[in-house]
$ cat query.cif   # mmCIF, C-alpha atoms; chains and numbers go by the auth columns
data_run
#
loop_
_atom_site.group_PDB
_atom_site.id
_atom_site.type_symbol
_atom_site.label_atom_id
_atom_site.label_comp_id
_atom_site.label_asym_id
_atom_site.label_seq_id
_atom_site.Cartn_x
_atom_site.Cartn_y
_atom_site.Cartn_z
_atom_site.B_iso_or_equiv
_atom_site.auth_seq_id
_atom_site.auth_asym_id
ATOM 1 C CA MET A 1 167.458 271.478 273.585 0.00 1 A
ATOM 2 C CA THR A 2 165.413 268.510 274.804 0.00 2 A
ATOM 3 C CA LEU A 3 165.221 265.367 272.712 0.00 3 A
ATOM 4 C CA ASP A 4 161.911 263.537 272.497 0.00 4 A
ATOM 5 C CA LEU A 5 163.274 260.014 272.890 0.00 5 A
ATOM 6 C CA PRO A 6 161.094 256.907 272.494 0.00 6 A
ATOM 7 C CA THR A 7 160.484 254.653 275.448 0.00 7 A
ATOM 8 C CA PRO A 8 163.403 252.155 275.713 0.00 8 A
ATOM 9 C CA GLN A 9 162.387 248.734 274.452 0.00 9 A
ATOM 10 C CA PHE A 10 164.630 246.829 276.875 0.00 10 A
ATOM 11 C CA ILE A 11 162.342 247.461 279.890 0.00 11 A
ATOM 12 C CA ARG A 12 159.809 244.819 278.893 0.00 12 A
ATOM 13 C CA ARG A 13 162.571 242.315 278.068 0.00 13 A
ATOM 14 C CA ARG A 14 164.145 242.892 281.453 0.00 14 A
ATOM 15 C CA SER A 15 160.813 242.197 283.138 0.00 15 A
ATOM 16 C CA LEU A 16 160.519 238.886 281.287 0.00 16 A
ATOM 17 C CA HIS A 17 164.105 238.036 282.184 0.00 17 A
ATOM 18 C CA ASP A 18 163.559 238.741 285.894 0.00 18 A
ATOM 19 C CA GLU A 19 160.301 236.772 286.053 0.00 19 A
ATOM 20 C CA LEU A 20 161.806 233.801 284.241 0.00 20 A
ATOM 21 C CA THR A 21 164.827 233.810 286.547 0.00 21 A
ATOM 22 C CA GLU A 22 162.528 233.781 289.586 0.00 22 A
ATOM 23 C CA ARG A 23 160.432 230.912 288.207 0.00 23 A
ATOM 24 C CA VAL A 24 163.423 228.710 287.421 0.00 24 A
ATOM 25 C CA ARG A 25 164.936 229.522 290.814 0.00 25 A
ATOM 26 C CA ALA A 26 161.652 228.512 292.468 0.00 26 A
ATOM 27 C CA ILE A 27 161.409 225.097 290.819 0.00 27 A
ATOM 28 C CA ILE A 28 164.949 224.372 292.007 0.00 28 A
ATOM 29 C CA THR A 29 164.571 225.607 295.577 0.00 29 A
ATOM 30 C CA ASP A 30 161.153 223.933 295.885 0.00 30 A
ATOM 31 C CA GLY A 31 162.766 220.603 295.070 0.00 31 A
ATOM 32 C CA GLU A 32 161.193 219.991 291.662 0.00 32 A
ATOM 33 C CA LEU A 33 164.699 219.743 290.244 0.00 33 A
ATOM 34 C CA SER A 34 167.284 217.992 292.405 0.00 34 A
ATOM 35 C CA PRO A 35 170.998 218.733 292.969 0.00 35 A
ATOM 36 C CA GLY A 36 173.020 217.329 290.064 0.00 36 A
ATOM 37 C CA GLN A 37 169.987 217.015 287.759 0.00 37 A
ATOM 38 C CA LYS A 38 170.256 218.362 284.212 0.00 38 A
ATOM 39 C CA ILE A 39 168.100 221.417 283.487 0.00 39 A
ATOM 40 C CA PRO A 40 165.452 220.331 280.935 0.00 40 A
ATOM 41 C CA GLU A 41 165.688 223.428 278.735 0.00 41 A
ATOM 42 C CA ARG A 42 163.203 222.358 276.059 0.00 42 A
ATOM 43 C CA GLU A 43 160.571 221.406 278.619 0.00 43 A
ATOM 44 C CA LEU A 44 161.019 224.665 280.510 0.00 44 A
ATOM 45 C CA CYS A 45 160.729 226.712 277.323 0.00 45 A
ATOM 46 C CA GLU A 46 157.421 224.988 276.548 0.00 46 A
ATOM 47 C CA ARG A 47 156.223 225.339 280.125 0.00 47 A
ATOM 48 C CA PHE A 48 156.883 229.078 280.322 0.00 48 A
ATOM 49 C CA GLY A 49 156.207 229.913 276.672 0.00 49 A
ATOM 50 C CA VAL A 50 159.644 231.387 275.985 0.00 50 A
ATOM 51 C CA SER A 51 162.509 230.808 273.567 0.00 51 A
ATOM 52 C CA ARG A 52 165.859 229.404 274.620 0.00 52 A
ATOM 53 C CA THR A 53 167.567 232.802 274.575 0.00 53 A
ATOM 54 C CA PRO A 54 165.827 234.303 277.654 0.00 54 A
ATOM 55 C CA LEU A 55 165.978 230.936 279.417 0.00 55 A
ATOM 56 C CA ARG A 56 169.736 230.751 278.950 0.00 56 A
ATOM 57 C CA GLU A 57 170.074 234.333 280.161 0.00 57 A
ATOM 58 C CA ALA A 58 168.171 233.320 283.296 0.00 58 A
ATOM 59 C CA LEU A 59 170.428 230.286 283.747 0.00 59 A
ATOM 60 C CA LYS A 60 173.498 232.558 283.569 0.00 60 A
ATOM 61 C CA VAL A 61 172.097 234.607 286.455 0.00 61 A
ATOM 62 C CA LEU A 62 171.436 231.461 288.487 0.00 62 A
ATOM 63 C CA ALA A 63 174.940 230.232 287.683 0.00 63 A
ATOM 64 C CA SER A 64 176.371 233.487 289.056 0.00 64 A
ATOM 65 C CA GLU A 65 174.454 232.759 292.281 0.00 65 A
ATOM 66 C CA GLY A 66 175.834 229.228 292.438 0.00 66 A
ATOM 67 C CA ILE A 67 172.405 227.630 292.009 0.00 67 A
ATOM 68 C CA VAL A 68 173.150 226.018 288.643 0.00 68 A
ATOM 69 C CA THR A 69 176.356 224.930 286.925 0.00 69 A
ATOM 70 C CA LEU A 70 176.852 225.686 283.229 0.00 70 A
ATOM 71 C CA GLN A 71 178.602 222.963 281.250 0.00 71 A
ATOM 72 C CA PRO A 72 180.036 223.890 277.823 0.00 72 A
ATOM 73 C CA ASN A 73 178.173 222.041 275.057 0.00 73 A
ATOM 74 C CA ARG A 74 176.295 220.002 277.687 0.00 74 A
ATOM 75 C CA GLY A 75 173.727 222.467 278.995 0.00 75 A
ATOM 76 C CA ALA A 76 173.237 223.258 282.669 0.00 76 A
ATOM 77 C CA ARG A 77 172.737 221.251 285.836 0.00 77 A
ATOM 78 C CA VAL A 78 171.425 222.066 289.281 0.00 78 A
ATOM 79 C CA SER A 79 174.491 222.641 291.420 0.00 79 A
ATOM 80 C CA SER A 80 175.260 219.861 293.863 0.00 80 A
ATOM 81 C CA LEU A 81 175.576 220.669 297.530 0.00 81 A
ATOM 82 C CA THR A 82 178.884 219.876 299.169 0.00 82 A
ATOM 83 C CA VAL A 83 179.932 220.011 302.802 0.00 83 A
ATOM 84 C CA ALA A 84 182.942 222.158 301.864 0.00 84 A
ATOM 85 C CA GLU A 85 180.746 224.772 300.167 0.00 85 A
ATOM 86 C CA LEU A 86 178.274 224.853 303.033 0.00 86 A
ATOM 87 C CA GLU A 87 181.037 225.243 305.618 0.00 87 A
ATOM 88 C CA GLU A 88 182.400 228.162 303.601 0.00 88 A
ATOM 89 C CA VAL A 89 179.152 229.999 302.875 0.00 89 A
ATOM 90 C CA PHE A 90 177.041 229.362 305.999 0.00 90 A
ATOM 91 C CA PRO A 91 179.274 231.307 308.440 0.00 91 A
ATOM 92 C CA VAL A 92 179.263 234.325 306.101 0.00 92 A
ATOM 93 C CA MET A 93 175.508 234.104 305.740 0.00 93 A
ATOM 94 C CA GLY A 94 175.181 233.732 309.506 0.00 94 A
ATOM 95 C CA ALA A 95 177.127 236.954 310.035 0.00 95 A
ATOM 96 C CA LEU A 96 174.908 238.774 307.534 0.00 96 A
ATOM 97 C CA GLU A 97 171.757 237.384 309.173 0.00 97 A
ATOM 98 C CA ALA A 98 173.011 238.499 312.584 0.00 98 A
ATOM 99 C CA LEU A 99 173.784 241.992 311.309 0.00 99 A
ATOM 100 C CA SER A 100 170.417 242.271 309.588 0.00 100 A
ATOM 101 C CA GLY A 101 168.654 241.432 312.860 0.00 101 A
ATOM 102 C CA GLU A 102 170.661 243.984 314.814 0.00 102 A
ATOM 103 C CA ILE A 103 170.033 246.780 312.308 0.00 103 A
ATOM 104 C CA ALA A 104 166.380 245.861 311.709 0.00 104 A
ATOM 105 C CA CYS A 105 165.586 246.312 315.403 0.00 105 A
ATOM 106 C CA ARG A 106 166.655 249.957 315.116 0.00 106 A
ATOM 107 C CA HIS A 107 164.394 250.755 312.180 0.00 107 A
ATOM 108 C CA ILE A 108 161.456 248.336 312.072 0.00 108 A
ATOM 109 C CA THR A 109 158.007 249.935 312.181 0.00 109 A
ATOM 110 C CA GLU A 110 154.845 248.702 313.879 0.00 110 A
ATOM 111 C CA THR A 111 153.355 248.025 310.451 0.00 111 A
ATOM 112 C CA GLU A 112 156.329 245.870 309.485 0.00 112 A
ATOM 113 C CA LEU A 113 156.127 244.037 312.802 0.00 113 A
ATOM 114 C CA ALA A 114 152.438 243.343 312.251 0.00 114 A
ATOM 115 C CA THR A 115 153.199 241.939 308.801 0.00 115 A
ATOM 116 C CA ILE A 116 155.932 239.648 310.143 0.00 116 A
ATOM 117 C CA ARG A 117 153.664 238.534 312.979 0.00 117 A
ATOM 118 C CA SER A 118 150.946 237.619 310.463 0.00 118 A
ATOM 119 C CA ILE A 119 153.386 235.703 308.271 0.00 119 A
ATOM 120 C CA HIS A 120 154.692 233.857 311.333 0.00 120 A
ATOM 121 C CA GLU A 121 151.179 232.803 312.385 0.00 121 A
ATOM 122 C CA ARG A 122 150.410 231.475 308.902 0.00 122 A
ATOM 123 C CA MET A 123 153.756 229.688 308.819 0.00 123 A
ATOM 124 C CA VAL A 124 153.005 227.946 312.122 0.00 124 A
ATOM 125 C CA GLU A 125 149.633 226.772 310.779 0.00 125 A
ATOM 126 C CA HIS A 126 151.365 225.134 307.817 0.00 126 A
ATOM 127 C CA TRP A 127 153.792 223.466 310.230 0.00 127 A
ATOM 128 C CA ARG A 128 150.907 222.080 312.273 0.00 128 A
ATOM 129 C CA ARG A 129 149.389 220.645 309.096 0.00 129 A
ATOM 130 C CA GLY A 130 152.723 219.225 307.941 0.00 130 A
ATOM 131 C CA GLU A 131 152.767 221.388 304.787 0.00 131 A
ATOM 132 C CA LEU A 132 156.466 221.912 304.176 0.00 132 A
ATOM 133 C CA GLU A 133 156.510 223.879 300.915 0.00 133 A
ATOM 134 C CA PRO A 134 154.160 226.720 301.954 0.00 134 A
ATOM 135 C CA TYR A 135 155.850 226.733 305.370 0.00 135 A
ATOM 136 C CA PHE A 136 159.224 227.181 303.713 0.00 136 A
ATOM 137 C CA ARG A 137 158.025 230.069 301.530 0.00 137 A
ATOM 138 C CA LEU A 138 156.664 231.937 304.545 0.00 138 A
ATOM 139 C CA ASN A 139 159.822 231.150 306.499 0.00 139 A
ATOM 140 C CA GLN A 140 161.854 232.822 303.756 0.00 140 A
ATOM 141 C CA ALA A 141 159.409 235.736 303.657 0.00 141 A
ATOM 142 C CA ILE A 142 160.135 236.442 307.332 0.00 142 A
ATOM 143 C CA HIS A 143 163.889 236.545 306.747 0.00 143 A
ATOM 144 C CA GLU A 144 163.334 238.795 303.735 0.00 144 A
ATOM 145 C CA ALA A 145 161.076 241.118 305.759 0.00 145 A
ATOM 146 C CA ILE A 146 163.732 241.450 308.456 0.00 146 A
ATOM 147 C CA LEU A 147 166.284 242.241 305.773 0.00 147 A
ATOM 148 C CA GLU A 148 164.006 244.890 304.250 0.00 148 A
ATOM 149 C CA ALA A 149 163.552 246.497 307.665 0.00 149 A
ATOM 150 C CA THR A 150 167.288 247.243 307.819 0.00 150 A
ATOM 151 C CA ARG A 151 166.915 249.984 305.169 0.00 151 A
ATOM 152 C CA ASN A 152 170.485 249.040 304.219 0.00 152 A
ATOM 153 C CA GLU A 153 170.944 248.492 300.486 0.00 153 A
ATOM 154 C CA THR A 154 174.553 247.296 300.785 0.00 154 A
ATOM 155 C CA LEU A 155 173.573 244.609 303.274 0.00 155 A
ATOM 156 C CA LYS A 156 170.631 243.555 301.105 0.00 156 A
ATOM 157 C CA ALA A 157 172.847 243.135 298.045 0.00 157 A
ATOM 158 C CA MET A 158 175.443 241.085 299.926 0.00 158 A
ATOM 159 C CA TYR A 159 172.779 238.905 301.551 0.00 159 A
ATOM 160 C CA ARG A 160 170.950 238.174 298.307 0.00 160 A
ATOM 161 C CA SER A 161 174.148 237.355 296.441 0.00 161 A
ATOM 162 C CA LEU A 162 174.557 234.366 298.777 0.00 162 A
ATOM 163 C CA ALA A 163 170.951 233.500 299.611 0.00 163 A
ATOM 164 C CA GLY A 164 170.273 231.583 296.413 0.00 164 A
ATOM 165 C CA ARG A 165 173.149 229.211 297.092 0.00 165 A
ATOM 166 C CA LEU A 166 171.661 228.294 300.462 0.00 166 A
ATOM 167 C CA MET A 167 167.925 228.125 299.709 0.00 167 A
ATOM 168 C CA LYS A 168 168.023 224.461 298.768 0.00 168 A
ATOM 169 C CA ALA A 169 170.108 223.740 301.866 0.00 169 A
ATOM 170 C CA ARG A 170 167.597 225.550 304.071 0.00 170 A
ATOM 171 C CA TYR A 171 164.787 223.510 302.547 0.00 171 A
ATOM 172 C CA ILE A 172 166.577 220.241 303.314 0.00 172 A
ATOM 173 C CA ALA A 173 167.314 221.432 306.853 0.00 173 A
ATOM 174 C CA ASN A 174 163.620 221.537 307.671 0.00 174 A
ATOM 175 C CA MET A 175 162.913 218.026 306.406 0.00 175 A
ATOM 176 C CA THR A 176 163.133 216.052 309.663 0.00 176 A
ATOM 177 C CA PRO A 177 160.271 216.422 312.175 0.00 177 A
ATOM 178 C CA GLU A 178 162.680 217.160 315.032 0.00 178 A
ATOM 179 C CA ARG A 179 164.566 219.891 313.202 0.00 179 A
ATOM 180 C CA TRP A 180 161.319 221.318 311.850 0.00 180 A
ATOM 181 C CA ALA A 181 159.849 221.695 315.350 0.00 181 A
ATOM 182 C CA GLU A 182 163.085 223.257 316.557 0.00 182 A
ATOM 183 C CA ALA A 183 163.040 225.759 313.669 0.00 183 A
ATOM 184 C CA VAL A 184 159.495 226.813 314.577 0.00 184 A
ATOM 185 C CA SER A 185 160.576 227.401 318.180 0.00 185 A
ATOM 186 C CA GLU A 186 163.512 229.478 316.956 0.00 186 A
ATOM 187 C CA HIS A 187 161.192 231.569 314.802 0.00 187 A
ATOM 188 C CA GLN A 188 159.012 232.244 317.841 0.00 188 A
ATOM 189 C CA ALA A 189 162.129 233.570 319.603 0.00 189 A
ATOM 190 C CA ILE A 190 162.992 235.665 316.521 0.00 190 A
ATOM 191 C CA LEU A 191 159.552 237.269 316.625 0.00 191 A
ATOM 192 C CA ALA A 192 159.797 237.961 320.366 0.00 192 A
ATOM 193 C CA ALA A 193 163.201 239.643 319.963 0.00 193 A
ATOM 194 C CA LEU A 194 161.885 241.756 317.090 0.00 194 A
ATOM 195 C CA GLU A 195 158.872 242.867 319.128 0.00 195 A
ATOM 196 C CA ALA A 196 161.194 243.819 321.986 0.00 196 A
ATOM 197 C CA ARG A 197 163.531 245.536 319.492 0.00 197 A
ATOM 198 C CA ASP A 198 166.382 243.701 321.173 0.00 198 A
ATOM 199 C CA GLY A 199 169.037 243.829 318.459 0.00 199 A
ATOM 200 C CA ALA A 200 171.754 241.953 320.355 0.00 200 A
ATOM 201 C CA ARG A 201 169.393 239.115 321.240 0.00 201 A
ATOM 202 C CA LEU A 202 167.961 238.846 317.729 0.00 202 A
ATOM 203 C CA SER A 203 171.460 238.880 316.251 0.00 203 A
ATOM 204 C CA ALA A 204 172.488 235.930 318.422 0.00 204 A
ATOM 205 C CA ILE A 205 169.277 233.995 317.682 0.00 205 A
ATOM 206 C CA LEU A 206 169.602 234.418 313.912 0.00 206 A
ATOM 207 C CA LYS A 207 173.234 233.344 313.938 0.00 207 A
ATOM 208 C CA ALA A 208 172.423 230.244 315.999 0.00 208 A
ATOM 209 C CA HIS A 209 169.384 229.563 313.796 0.00 209 A
ATOM 210 C CA LEU A 210 171.568 229.302 310.703 0.00 210 A
ATOM 211 C CA ALA A 211 174.253 227.296 312.536 0.00 211 A
ATOM 212 C CA GLY A 212 171.595 224.729 313.434 0.00 212 A
ATOM 213 C CA LYS A 213 170.646 224.409 309.789 0.00 213 A
ATOM 214 C CA LEU A 214 174.272 223.876 308.792 0.00 214 A
ATOM 215 C CA SER A 215 174.604 220.999 311.258 0.00 215 A
ATOM 216 C CA THR A 216 171.429 219.347 309.974 0.00 216 A
ATOM 217 C CA VAL A 217 172.310 219.747 306.300 0.00 217 A
ATOM 218 C CA LYS A 218 175.811 218.352 306.848 0.00 218 A
ATOM 219 C CA GLU A 219 174.313 215.268 308.490 0.00 219 A
ATOM 220 C CA TRP A 220 171.893 214.872 305.571 0.00 220 A
ATOM 221 C CA LEU A 221 174.652 215.182 302.978 0.00 221 A
ATOM 222 C CA GLU A 222 176.871 212.681 304.776 0.00 222 A
ATOM 223 C CA ARG A 223 174.031 210.152 304.762 0.00 223 A
ATOM 224 C CA GLN A 224 173.797 210.451 300.956 0.00 224 A
ATOM 225 C CA VAL A 225 177.366 209.200 300.438 0.00 225 A
#
$ encode --input "query.cif" --output "structure tokens"
Amino acid sequence: MTLDLPTPQFIRRRSLHDELTERVRAIITDGELSPGQKIPERELCERFGVSRTPLREALKVLASEGIVTLQPNRGARVSSLTVAELEEVFPVMGALEALSGEIACRHITETELATIRSIHERMVEHWRRGELEPYFRLNQAIHEAILEATRNETLKAMYRSLAGRLMKARYIANMTPERWAEAVSEHQAILAALEARDGARLSAILKAHLAGKLSTVKEWLERQV
């Protein structure tokens, strides 16, 4: 006997929840809200046209990623970056980045390569024009595209569970002109290794790429004290 069940109502709610989570994450990683700043819940509800319930659900997700900190009876704040946290998380993320590069080189298609090449070219144009925010978004898109090319769901889940905690740090790392130019050069090497499908080389480049960001962010944080 087959039951004629109605369409579950939670699908639409989940879509709203996911979109809201992404939007709040974006305003944090784009720098609109700074580390340590209180999340303006009322303003965000008005901005996105939602009630506090879905917003707080989104904040719980971001708290699980380490992006925000929930404070009982005091709302939520953007998590502050600390040297200790960065030194703990960056090496793990570096290992995941290195593995993603190695695996991606085994599976990446010509179509995927063409897409990454196009993103890279657009990213470089934003760098030449000094447009940091669109540059950063395309930079992240390249790392995401490499991750997707691995075809490895376990690796993707592990990577994304940590990525949110480091997005703000990556953004800061590209702030100085010297580091920014160096990052562009590293991305050129990433593209070349991908095109050659040289997994060992790409793995090493990606690991060094993230290590360079850690050094820059640590210097930035120490200057804030």
$ resolve_selection --input "query.cif" --expression "the PyMOL selection byres ((chain A and resi 180-194) around 10)" --output "PyMOL selection string"
chain A and resi 101-102+104-106+108+113+116-117+120-121+123-124+127-128+130+132+135+139+142-143+146+173-179+195-206+208-210+212-213
$ axis_aligned_box --input "query.cif" --around "stretch 129-147 of chain A" --padding-each-side "5 Å" --output "AutoDock Vina command-line options"
--center_x 157.8 --center_y 230.7 --center_z 305.0 --size_x 26.9 --size_y 33.0 --size_z 18.2
$ resolve_selection --input "query.cif" --expression "the PyMOL selection byres ((chain A and resi 162) around 12)" --output "ChimeraX atom specification"
/A:62-67,85-86,88-97,155-161,163-169
$ atom_distance --input "query.cif" --atom1 "atom CA of A:Leu99" --atom2 "atom CA of A:Phe136"
22.1 Å
$ resolve_selection --input "query.cif" --expression "the PyMOL selection byres ((chain A and resi 51-61) around 8)" --output "PDB file with C-alpha atoms, keeping the file's coordinate frame"
ATOM      1  CA  LEU A  16     160.519 238.886 281.287  1.00  0.00           C
ATOM      2  CA  HIS A  17     164.105 238.036 282.184  1.00  0.00           C
ATOM      3  CA  ASP A  18     163.559 238.741 285.894  1.00  0.00           C
ATOM      4  CA  LEU A  20     161.806 233.801 284.241  1.00  0.00           C
ATOM      5  CA  THR A  21     164.827 233.810 286.547  1.00  0.00           C
ATOM      6  CA  VAL A  24     163.423 228.710 287.421  1.00  0.00           C
ATOM      7  CA  GLU A  41     165.688 223.428 278.735  1.00  0.00           C
ATOM      8  CA  ARG A  42     163.203 222.358 276.059  1.00  0.00           C
ATOM      9  CA  CYS A  45     160.729 226.712 277.323  1.00  0.00           C
ATOM     10  CA  GLY A  49     156.207 229.913 276.672  1.00  0.00           C
ATOM     11  CA  VAL A  50     159.644 231.387 275.985  1.00  0.00           C
ATOM     12  CA  LEU A  62     171.436 231.461 288.487  1.00  0.00           C
ATOM     13  CA  ALA A  63     174.940 230.232 287.683  1.00  0.00           C
ATOM     14  CA  SER A  64     176.371 233.487 289.056  1.00  0.00           C
ATOM     15  CA  GLU A  65     174.454 232.759 292.281  1.00  0.00           C
ATOM     16  CA  VAL A  68     173.150 226.018 288.643  1.00  0.00           C
ATOM     17  CA  LEU A  70     176.852 225.686 283.229  1.00  0.00           C
ATOM     18  CA  ALA A  76     173.237 223.258 282.669  1.00  0.00           C
TER      19      ALA A  76
END
$ closest_residue --input "query.cif" --among "A:Thr109, A:Thr29, A:Ser80, A:Ser215" --to "A:Arg151" --atoms "all atoms listed in the file"
A:Thr109
$ decode --input "query.cif" --residues "stretch 179-188 of chain A" --atoms "all heavy atoms" --output "short mmCIF file (atom, residue, chain, number, x, y, z; two decimals), in the first residue's frame"
data_model
loop_
_atom_site.label_atom_id
_atom_site.label_comp_id
_atom_site.auth_asym_id
_atom_site.auth_seq_id
_atom_site.Cartn_x
_atom_site.Cartn_y
_atom_site.Cartn_z
N ARG A 179 51.77 41.55 0.34
CA ARG A 179 51.20 40.22 0.49
C ARG A 179 50.19 39.94 -0.62
O ARG A 179 50.08 38.81 -1.10
CB ARG A 179 50.55 40.08 1.87
CG ARG A 179 49.84 38.76 2.09
CD ARG A 179 50.75 37.56 1.88
NE ARG A 179 49.98 36.35 1.64
CZ ARG A 179 50.44 35.27 1.00
NH1 ARG A 179 51.67 35.25 0.55
NH2 ARG A 179 49.68 34.23 0.82
N TRP A 180 49.46 40.96 -1.03
CA TRP A 180 48.47 40.79 -2.09
C TRP A 180 49.15 40.37 -3.39
O TRP A 180 48.72 39.44 -4.07
CB TRP A 180 47.70 42.10 -2.26
CG TRP A 180 46.41 41.96 -3.01
CD1 TRP A 180 45.89 40.81 -3.55
CD2 TRP A 180 45.47 42.98 -3.30
NE1 TRP A 180 44.68 41.08 -4.16
CE2 TRP A 180 44.42 42.40 -4.02
CE3 TRP A 180 45.44 44.35 -3.02
CZ2 TRP A 180 43.32 43.15 -4.47
CZ3 TRP A 180 44.35 45.08 -3.46
CH2 TRP A 180 43.29 44.49 -4.18
N ALA A 181 50.23 41.06 -3.75
CA ALA A 181 50.97 40.72 -4.97
C ALA A 181 51.54 39.31 -4.88
O ALA A 181 51.53 38.55 -5.87
CB ALA A 181 52.08 41.74 -5.20
N GLU A 182 52.02 38.95 -3.71
CA GLU A 182 52.57 37.61 -3.52
C GLU A 182 51.49 36.55 -3.69
O GLU A 182 51.71 35.49 -4.29
CB GLU A 182 53.20 37.51 -2.13
CG GLU A 182 53.92 36.19 -1.88
CD GLU A 182 54.55 36.15 -0.50
OE1 GLU A 182 54.50 37.17 0.22
OE2 GLU A 182 55.10 35.09 -0.14
N ALA A 183 50.28 36.83 -3.16
CA ALA A 183 49.17 35.88 -3.27
C ALA A 183 48.78 35.67 -4.72
O ALA A 183 48.46 34.55 -5.14
CB ALA A 183 47.98 36.39 -2.46
N VAL A 184 48.80 36.74 -5.51
CA VAL A 184 48.47 36.62 -6.94
C VAL A 184 49.49 35.73 -7.64
O VAL A 184 49.14 34.87 -8.46
CB VAL A 184 48.41 38.01 -7.60
CG1 VAL A 184 48.27 37.87 -9.13
CG2 VAL A 184 47.23 38.80 -7.04
N SER A 185 50.77 35.92 -7.32
CA SER A 185 51.82 35.08 -7.90
C SER A 185 51.63 33.62 -7.52
O SER A 185 51.81 32.71 -8.35
CB SER A 185 53.19 35.59 -7.41
OG SER A 185 54.23 34.76 -7.90
N GLU A 186 51.25 33.38 -6.27
CA GLU A 186 51.01 32.01 -5.82
C GLU A 186 49.83 31.39 -6.56
O GLU A 186 49.85 30.20 -6.91
CB GLU A 186 50.77 32.00 -4.31
CG GLU A 186 52.03 32.30 -3.50
CD GLU A 186 51.73 32.57 -2.03
OE1 GLU A 186 50.53 32.57 -1.65
OE2 GLU A 186 52.69 32.79 -1.27
N HIS A 187 48.81 32.19 -6.82
CA HIS A 187 47.65 31.67 -7.55
C HIS A 187 48.01 31.35 -9.01
O HIS A 187 47.44 30.43 -9.60
CB HIS A 187 46.49 32.65 -7.48
CG HIS A 187 45.51 32.31 -6.39
ND1 HIS A 187 44.42 31.50 -6.60
CD2 HIS A 187 45.50 32.64 -5.08
CE1 HIS A 187 43.77 31.34 -5.47
NE2 HIS A 187 44.40 32.03 -4.53
N GLN A 188 48.94 32.09 -9.58
CA GLN A 188 49.41 31.76 -10.92
C GLN A 188 50.09 30.39 -10.91
O GLN A 188 49.91 29.57 -11.82
CB GLN A 188 50.38 32.83 -11.41
CG GLN A 188 50.80 32.66 -12.87
CD GLN A 188 49.64 32.81 -13.83
OE1 GLN A 188 48.92 33.81 -13.79
NE2 GLN A 188 49.43 31.82 -14.68
#
